[in-house]
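Asks: For reference, this is run27.txt, and it has compact mmCIF, C-alpha atoms.
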# COMPACT_ATOMS: atom_id res chain seq x y z
CA MET A 1 -44.69 86.76 31.33
CA SER A 2 -43.44 86.62 27.80
CA ASP A 3 -40.03 87.58 26.47
CA GLU A 4 -41.66 90.65 24.98
CA THR A 5 -40.83 93.94 26.70
CA ILE A 6 -44.13 95.62 27.49
CA ALA A 7 -44.29 99.02 29.16
CA VAL A 8 -47.15 100.97 30.65
CA TYR A 9 -47.07 104.77 30.58
CA PRO A 10 -49.80 105.96 32.96
CA GLY A 11 -51.30 109.40 33.23
CA THR A 12 -54.46 111.45 33.15
CA PHE A 13 -53.61 112.97 29.74
CA ASP A 14 -56.06 115.84 30.27
CA PRO A 15 -55.12 116.90 27.64
CA VAL A 16 -52.34 114.91 26.01
CA THR A 17 -49.50 117.39 25.50
CA ASN A 18 -46.41 117.60 23.33
CA GLY A 19 -44.49 116.60 26.47
CA HIS A 20 -46.54 113.40 26.78
CA MET A 21 -46.00 112.66 23.10
CA ASP A 22 -42.26 113.16 23.51
CA ILE A 23 -42.20 110.53 26.29
CA ILE A 24 -44.46 108.21 24.26
CA SER A 25 -42.26 108.48 21.17
CA ARG A 26 -39.05 107.91 23.08
CA SER A 27 -40.55 105.05 25.14
CA ALA A 28 -41.73 103.28 21.99
CA ARG A 29 -38.11 103.06 20.84
CA LEU A 30 -37.20 101.15 24.03
CA VAL A 31 -39.92 98.50 24.20
CA ASP A 32 -41.74 95.96 22.05
CA ARG A 33 -45.18 97.19 23.08
CA LEU A 34 -46.30 100.36 24.86
CA VAL A 35 -49.63 100.71 26.65
CA ILE A 36 -50.75 104.26 27.37
CA ALA A 37 -52.81 103.88 30.55
CA VAL A 38 -55.34 106.69 30.67
CA ALA A 39 -56.41 107.09 34.29
CA VAL A 40 -59.92 107.96 35.45
CA ASN A 41 -58.44 110.21 38.19
CA ILE A 42 -61.56 112.17 39.10
CA GLY A 43 -59.57 113.88 41.89
CA LYS A 44 -57.74 116.02 39.34
CA GLY A 45 -61.04 117.40 37.99
CA PRO A 46 -60.50 116.47 34.34
CA LEU A 47 -61.72 118.83 31.61
CA PHE A 48 -62.29 115.89 29.25
CA SER A 49 -64.16 112.66 29.94
CA LEU A 50 -62.20 109.42 30.10
CA ASP A 51 -63.47 108.41 26.64
CA GLU A 52 -62.48 111.78 25.17
CA ARG A 53 -58.97 111.50 26.64
CA VAL A 54 -58.53 107.97 25.27
CA GLU A 55 -59.73 109.18 21.84
CA MET A 56 -57.27 112.09 21.87
CA VAL A 57 -54.36 109.82 22.82
CA GLU A 58 -55.34 107.31 20.12
CA ALA A 59 -55.51 110.08 17.51
CA GLU A 60 -52.10 111.44 18.54
CA ILE A 61 -50.59 107.94 18.39
CA ALA A 62 -52.11 107.33 14.93
CA GLY A 63 -50.54 110.56 13.72
CA MET A 64 -47.02 109.71 14.88
CA GLY A 65 -46.03 108.47 11.45
CA ASN A 66 -42.80 106.78 12.52
CA GLY A 67 -44.02 103.19 12.21
CA SER A 68 -44.19 102.62 15.95
CA SER A 69 -47.89 103.45 16.30
CA GLU A 70 -48.90 99.82 15.64
CA ARG A 71 -47.10 98.83 18.85
CA ILE A 72 -48.80 101.48 20.99
CA THR A 73 -52.30 101.27 22.44
CA ALA A 74 -54.33 103.57 24.69
CA VAL A 75 -56.35 101.83 27.38
CA PRO A 76 -58.49 103.39 30.14
CA PHE A 77 -57.94 102.19 33.69
CA ASP A 78 -59.36 102.76 37.14
CA SER A 79 -57.48 100.24 39.27
CA LEU A 80 -54.14 100.12 41.03
CA LEU A 81 -51.39 100.73 38.50
CA MET A 82 -49.61 97.50 39.40
CA GLU A 83 -52.82 95.49 38.92
CA PHE A 84 -53.26 97.12 35.52
CA ALA A 85 -49.61 96.41 34.63
CA THR A 86 -50.11 92.74 35.51
CA GLU A 87 -53.27 92.59 33.36
CA GLN A 88 -51.25 94.01 30.45
CA ASN A 89 -48.35 91.57 31.07
CA ALA A 90 -46.13 94.63 31.45
CA ASN A 91 -42.67 94.44 32.96
CA ILE A 92 -41.93 98.19 32.89
CA ILE A 93 -43.67 101.33 34.10
CA ILE A 94 -42.60 104.49 32.27
CA ARG A 95 -42.63 107.76 34.18
CA GLY A 96 -41.67 111.12 32.76
CA LEU A 97 -39.77 113.62 34.87
CA ARG A 98 -40.00 117.30 34.04
CA ALA A 99 -38.03 118.76 36.90
CA VAL A 100 -36.32 117.85 40.15
CA SER A 101 -39.61 118.63 41.91
CA ASP A 102 -41.21 115.60 40.19
CA PHE A 103 -38.51 113.25 41.42
CA GLU A 104 -39.42 112.93 45.11
CA TYR A 105 -43.04 111.99 44.41
CA GLU A 106 -42.08 109.63 41.58
CA PHE A 107 -39.34 108.03 43.70
CA GLN A 108 -41.82 107.31 46.49
CA MET A 109 -44.38 105.96 44.04
CA ALA A 110 -41.79 103.69 42.41
CA GLY A 111 -40.88 102.32 45.84
CA MET A 112 -44.51 101.59 46.70
CA ASN A 113 -45.12 99.99 43.30
CA SER A 114 -42.02 97.83 43.72
CA ARG A 115 -43.43 96.53 47.01
CA LEU A 116 -46.66 95.63 45.23
CA ASN A 117 -44.93 93.84 42.33
CA ARG A 118 -41.17 93.30 42.23
CA ASP A 119 -41.38 91.93 38.67
CA VAL A 120 -42.24 95.35 37.24
CA GLU A 121 -39.47 97.95 37.00
CA THR A 122 -40.05 101.69 36.91
CA VAL A 123 -38.06 103.56 34.27
CA PHE A 124 -37.77 107.34 34.44
CA LEU A 125 -37.34 109.39 31.29
CA MET A 126 -36.35 113.01 31.57
CA ALA A 127 -38.51 115.31 29.50
CA SER A 128 -36.75 116.75 26.47
CA GLU A 129 -35.41 120.25 27.00
CA ARG A 130 -38.19 121.85 24.92
CA GLN A 131 -40.91 119.98 26.84
CA GLN A 132 -39.70 120.21 30.45
CA PHE A 133 -42.07 122.94 31.55
CA ILE A 134 -45.26 121.59 29.94
CA ALA A 135 -47.93 120.38 32.36
CA SER A 136 -51.54 119.59 31.42
CA LYS A 137 -52.69 121.63 34.40
CA PHE A 138 -51.01 124.77 33.04
CA VAL A 139 -52.15 124.10 29.48
CA LYS A 140 -55.76 123.92 30.70
CA GLU A 141 -55.36 127.10 32.72
CA ILE A 142 -53.81 129.02 29.81
CA GLY A 143 -56.54 127.77 27.47
CA MET A 144 -59.35 128.65 29.90
CA LEU A 145 -57.96 132.17 30.19
CA GLY A 146 -57.82 132.61 26.42
CA GLY A 147 -54.08 132.17 25.96
CA ASP A 148 -52.36 130.49 23.02
CA ILE A 149 -51.81 126.80 23.79
CA GLY A 150 -50.50 125.96 20.32
CA HIS A 151 -46.91 125.56 21.54
CA PHE A 152 -47.90 122.90 24.08
CA VAL A 153 -50.31 120.61 22.23
CA SER A 154 -50.90 119.41 18.67
CA PRO A 155 -53.29 121.36 16.43
CA ALA A 156 -55.93 118.60 16.81
CA VAL A 157 -55.74 118.70 20.62
CA ARG A 158 -55.77 122.53 20.54
CA ASP A 159 -58.97 122.46 18.48
CA ARG A 160 -60.62 119.95 20.82
CA MET A 161 -59.59 122.03 23.82
CA LEU A 162 -60.95 125.25 22.36
CA ALA A 163 -64.24 123.51 21.57
CA LYS A 164 -64.43 122.02 25.07
CA ILE A 165 -63.60 125.34 26.72
CA SER A 166 -66.31 127.03 24.63
CA GLU A 167 -68.75 124.29 25.65
CA VAL A 168 -67.87 124.70 29.34
CA ASN A 169 -68.17 128.50 29.12
CA THR A 170 -71.56 128.20 27.37
CA VAL A 171 -72.85 125.94 30.16
CA LYS A 172 -71.61 128.42 32.79
CA SER A 173 -73.39 131.36 31.08
How does the structure come out when it is put into structure tokens?
Replies:
Amino acid sequence: MSDETIAVYPGTFDPVTNGHMDIISRSARLVDRLVIAVAVNIGKGPLFSLDERVEMVEAEIAGMGNGSSERITAVPFDSLLMEFATEQNANIIIRGLRAVSDFEYEFQMAGMNSRLNRDVETVFLMASERQQFIASKFVKEIGMLGGDIGHFVSPAVRDRMLAKISEVNTVKS
């Protein structure tokens, strides 16, 4: 491993929300390089394909405008997180916590990951106050039911979601 601090922030990002972007922005201030690991995660029944989710994350990163976007990449993955972290030469896993209810699962996962690779630390970042309640699952549900998702995602992601929802509804008809 190099002296560079490399972190991996894994997730499904279906869709990437303002909460995700908050964690990405804050993580980028802490590390030399940040890899956004976009998981296949078929079990969650993603609305967007893996390629679409990577594209959305890349577009959101490009639009950050704070100079840190050059140090952030989005990469798809479908392996064990710790294998992926090793491939990326990462020494940190970033996990966002929205509420106390997230902690137990994340704590267990961090323990398991530590057993798989003791050289990689898990760092928890609490979601910012304005982002604590945002979950992709709820954003999708609100969007599918015709609600306004503009407070939870960027305008570009909102537009992609509305187009995807329209596409899904057309197929169902």
Asks: For each of A:His20, A:Val120, A:Leu47, A:Ser79, take the minimum atom-to-atom distance to Ser166 in chain A, counting all atoms listed in the file, then give the residue where this is smallest.
Replies: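 Checking each candidate against Ser166 in chain A, we get A:Leu47 as the closest.
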Asks: Of the candidates A:Asp22, A:Glu52, A:Asp78, A:Asp3, which one gets nearest to Gln132 in chain A if we count all atoms listed in the file?
Replies: A:Asp22
Asks: At most 12 Å from (-40.8, 98.9, 37.1), file frame, all atoms listed in the file: which residues, as an MDAnalysis selection string?
Replies: chainID A and resid 5:9 81:82 85:86 90:95 106:107 109:124
Asks: Between A:Gln108, A:Gln131, A:Ser154, A:Ser27, which residue has the minimum interatomic distance to Glu60 in chain A, considering only C-alpha atoms?
Replies: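 Looking at the shortest contact to Glu60 in chain A, the residue is A:Ser154.
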Asks: Mind giving me the straight-line distance from CA of Gly146 in chain A to CA of Ile165 in chain A in Å, one decimal?
Replies: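 Rounded to one decimal, the two atoms are 9.3 Å apart.
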Asks: Find the spatial neighbours of Ser128 in chain A, counting all atoms listed in the file, within a cut-off of 9 Å - ignore same-chain residues fewer than 5 positions away - and output them as a VMD selection string.
Replies: chain A and resid 19 22 to 23 98
Asks: Keeping only C-alpha atoms, write the selected residues as a CSV table (one decimal), keeping the file's coordinate frame.
Replies:
chain,number,residue,atom,x,y,z
A,19,GLY,CA,-44.5,116.6,26.5
A,22,ASP,CA,-42.3,113.2,23.5
A,23,ILE,CA,-42.2,110.5,26.3
A,98,ARG,CA,-40.0,117.3,34.0
Asks: How many Å separate CA of Phe48 in chain A from CA of Thr170 in chain A?
Replies: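 CA of Phe48 in chain A sits 15.5 Å away from CA of Thr170 in chain A.
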Asks: May I ask which of the residues A:Val38, A:Lys140, A:Arg29, A:Gly147 is the closest one to Met161 in chain A, counting only C-alpha atoms?
Replies: A:Lys140
Asks: May I have the residues within 8 Å of range 150-152 of chain A as a PyMOL selection string, using all atoms listed in the file and disregarding those fewer than 6 positions away in the same chain?
Replies: chain A and resi 17-19+134+139+158
Asks: How far is it from CA of Leu162 in chain A to CA of Asp102 in chain A, in Å with one decimal?
Replies: 28.3 Å
